[in-house]
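**Student:** Have a look at this one before I ask anything.
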Amino acid sequence: MQAAVLVSIVFSIFAQASATAAEPVIQVFSGTDPVIGSTDDGVTRFYSFKVIATGSTTFRLDADNLTCGYDLQKSSKLGFLPSSGRFPLRQMDKAAAGDVYTLSFFQSRSARMTKDVCTFSFTIE
């Protein structure tokens, strides 16, 4: 019994320590001006995009490779879409009407430690 309590306490401590802060999801639209943002203090910025018509969707992302990272998820697929490399990058994906993409930007580990700000921009076509 004591071992189970100890395990749950240790788990809760590590779970809280590894969690990062997150802002609310911001909805974006294709064909608009570039979205420009920044993140610091371990906060992850989330953006959501819903596909209206079936076809190809292109994401153009730009950020500092030393301070920023990103993830791109698609509602119809489990997990993250494969990364296309270093910034600036262009990532294309075939999407069906109704698919929802979630794009997130976050500080790299070294940027969090040195308190460097991650500045990024992106467009969706």
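All residue names refer to the structure tokens as shown: chains lettered A, B, ... in order, residues numbered from 1 in each chain, ligands numbered from 1 in order.
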Using only C-alpha atoms, tabulate the residues of segment 23-65 of chain A lying at most 7 Å from any atom of segment 107-120 of chain A, each with its closest atom pair and that distance in Å to one decimal, by chain and increasing residue number, as a tab-separated table.

**Tutor:**
```
residue	atom	partner	partner_atom	distance
A:Ile36	CA	A:Phe120	CA	5.9
A:Gly37	CA	A:Phe120	CA	5.5
A:Ser38	CA	A:Thr119	CA	4.2
A:Thr39	CA	A:Cys118	CA	5.2
A:Asp40	CA	A:Val117	CA	5.0
A:Asp41	CA	A:Arg112	CA	6.4
A:Gly42	CA	A:Arg112	CA	6.2
A:Asp62	CA	A:Phe120	CA	5.7
A:Ala63	CA	A:Phe120	CA	4.3
A:Asp64	CA	A:Thr119	CA	6.9
```

**Student:** Only N, CA and C atoms, please: the residues just picked out, written as a PDB file, in the first residue's frame.

**Tutor:**
```
ATOM      1  N   ILE A  36       1.858  36.231 -37.393  1.00  0.00           N
ATOM      2  CA  ILE A  36       3.143  36.451 -36.747  1.00  0.00           C
ATOM      3  C   ILE A  36       2.938  36.342 -35.239  1.00  0.00           C
ATOM      4  N   GLY A  37       3.816  35.601 -34.581  1.00  0.00           N
ATOM      5  CA  GLY A  37       3.674  35.434 -33.143  1.00  0.00           C
ATOM      6  C   GLY A  37       4.988  35.140 -32.473  1.00  0.00           C
ATOM      7  N   SER A  38       4.912  34.982 -31.171  1.00  0.00           N
ATOM      8  CA  SER A  38       6.103  34.621 -30.396  1.00  0.00           C
ATOM      9  C   SER A  38       5.657  33.852 -29.164  1.00  0.00           C
ATOM     10  N   THR A  39       6.606  33.154 -28.595  1.00  0.00           N
ATOM     11  CA  THR A  39       6.342  32.412 -27.378  1.00  0.00           C
ATOM     12  C   THR A  39       7.582  32.428 -26.491  1.00  0.00           C
ATOM     13  N   ASP A  40       7.334  32.478 -25.195  1.00  0.00           N
ATOM     14  CA  ASP A  40       8.434  32.439 -24.232  1.00  0.00           C
ATOM     15  C   ASP A  40       7.924  31.811 -22.940  1.00  0.00           C
ATOM     16  N   ASP A  41       8.779  31.672 -21.974  1.00  0.00           N
ATOM     17  CA  ASP A  41       8.438  31.094 -20.665  1.00  0.00           C
ATOM     18  C   ASP A  41       7.802  29.707 -20.769  1.00  0.00           C
ATOM     19  N   GLY A  42       8.158  28.928 -21.795  1.00  0.00           N
ATOM     20  CA  GLY A  42       7.652  27.568 -21.926  1.00  0.00           C
ATOM     21  C   GLY A  42       6.213  27.462 -22.395  1.00  0.00           C
ATOM     22  N   ASP A  62       8.031  29.921 -40.894  1.00  0.00           N
ATOM     23  CA  ASP A  62       9.340  30.539 -40.740  1.00  0.00           C
ATOM     24  C   ASP A  62       9.568  30.851 -39.265  1.00  0.00           C
ATOM     25  N   ALA A  63      10.753  30.537 -38.795  1.00  0.00           N
ATOM     26  CA  ALA A  63      11.128  30.793 -37.398  1.00  0.00           C
ATOM     27  C   ALA A  63      12.638  30.594 -37.276  1.00  0.00           C
ATOM     28  N   ASP A  64      13.164  30.915 -36.119  1.00  0.00           N
ATOM     29  CA  ASP A  64      14.581  30.709 -35.832  1.00  0.00           C
ATOM     30  C   ASP A  64      14.782  29.245 -35.445  1.00  0.00           C
TER      31      ASP A  64
END
```

**Student:** Using DSSP assignments from the backbone, pull out every residue in chain A that falls under alpha helix (DSSP H) and give it to me as a ChimeraX atom specification.

**Tutor:** /A:2-18,109-114

**Student:** Between A:Ser76, A:Ile124, A:Thr44, A:Ser56, which has the minimum distance to Gly98 of chain A (counting only C-alpha atoms)?

**Tutor:**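 Ranked by minimum distance to Gly98 of chain A, first place goes to A:Ser76.
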
**Student:** Tell me, as an MDAnalysis selection string, which residues lie within 7 Å of Glu125 of chain A, counting only C-alpha atoms; anything in the same chain fewer than 6 positions away does not count.

**Tutor:** chainID A and resid 30:31 57:59

**Student:** Restricting it to N, CA and C atoms, dump the selection as a tab-separated table (two decimals), in the first residue's frame.

**Tutor:**
```tsv
chain	number	residue	atom	x	y	z
A	30	SER	N	-7.15	30.27	-44.37
A	30	SER	CA	-6.20	30.27	-45.48
A	30	SER	C	-6.34	31.55	-46.27
A	31	GLY	N	-5.25	31.91	-46.96
A	31	GLY	CA	-5.26	33.07	-47.83
A	31	GLY	C	-5.19	34.41	-47.11
A	57	THR	N	-3.31	21.30	-49.11
A	57	THR	CA	-3.11	22.40	-48.18
A	57	THR	C	-1.61	22.61	-48.01
A	58	THR	N	-1.17	23.87	-48.11
A	58	THR	CA	0.24	24.19	-48.00
A	58	THR	C	0.46	25.10	-46.79
A	59	PHE	N	1.40	24.71	-45.95
A	59	PHE	CA	1.80	25.51	-44.79
A	59	PHE	C	3.18	26.06	-45.07
```

**Student:** How many Å lie between atom CA of Ser121 of chain A and atom CA of Leu78 of chain A, rounded to one decimal?

**Tutor:**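 Computing the Euclidean distance for atom CA of Ser121 of chain A and atom CA of Leu78 of chain A yields 25.4 Å.
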
**Student:** Tell me, as a PDB file with N, CA and C atoms, in the first residue's frame, which residues lie within 8 Å of Glu23 of chain A, counting only C-alpha atoms; anything in the same chain fewer than 5 positions away does not count.

**Tutor:**
```
ATOM      1  N   VAL A  43       5.633  28.560 -22.878  1.00  0.00           N
ATOM      2  CA  VAL A  43       4.249  28.558 -23.347  1.00  0.00           C
ATOM      3  C   VAL A  43       4.203  28.070 -24.792  1.00  0.00           C
ATOM      4  N   THR A  44       3.276  27.184 -25.097  1.00  0.00           N
ATOM      5  CA  THR A  44       3.076  26.699 -26.449  1.00  0.00           C
ATOM      6  C   THR A  44       1.905  27.447 -27.071  1.00  0.00           C
ATOM      7  N   ARG A  45       2.061  27.924 -28.300  1.00  0.00           N
ATOM      8  CA  ARG A  45       1.000  28.619 -29.030  1.00  0.00           C
ATOM      9  C   ARG A  45       0.353  27.644 -30.000  1.00  0.00           C
ATOM     10  N   PHE A  46      -0.975  27.552 -29.945  1.00  0.00           N
ATOM     11  CA  PHE A  46      -1.733  26.642 -30.798  1.00  0.00           C
ATOM     12  C   PHE A  46      -2.586  27.412 -31.790  1.00  0.00           C
TER      13      PHE A  46
END
```

**Student:** Give the answer as one residue: which of A:Ala96, A:Leu61, A:Cys68, A:Leu81 has the shortest atom-to-atom distance to Val35 of chain A, using only C-alpha atoms?

**Tutor:** A:Leu61

**Student:** What does the distance between atom CA of Ile26 of chain A and atom CA of Arg86 of chain A come to in Å, to one decimal place?

**Tutor:** 23.9 Å

**Student:** Please indicate the distance in Å from atom CA of Gln91 of chain A to atom CA of Pro24 of chain A, rounded to one decimal place.

**Tutor:**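 Interatomic distance, atom CA of Gln91 of chain A to atom CA of Pro24 of chain A: 23.9 Å.
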
**Student:** Determine the nearest neighbour of Met92 of chain A from the options A:Phe29, A:Arg60, A:Phe80, A:Tyr70, counting only C-alpha atoms.

**Tutor:** A:Arg60

**Student:** Out of A:Ile52, A:Phe105, A:Val25, A:Gln73, which residue has the shortest atom-to-atom distance to Asp93 of chain A when counting only C-alpha atoms?

**Tutor:**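 So, comparing all the options, the nearest one is A:Gln73.
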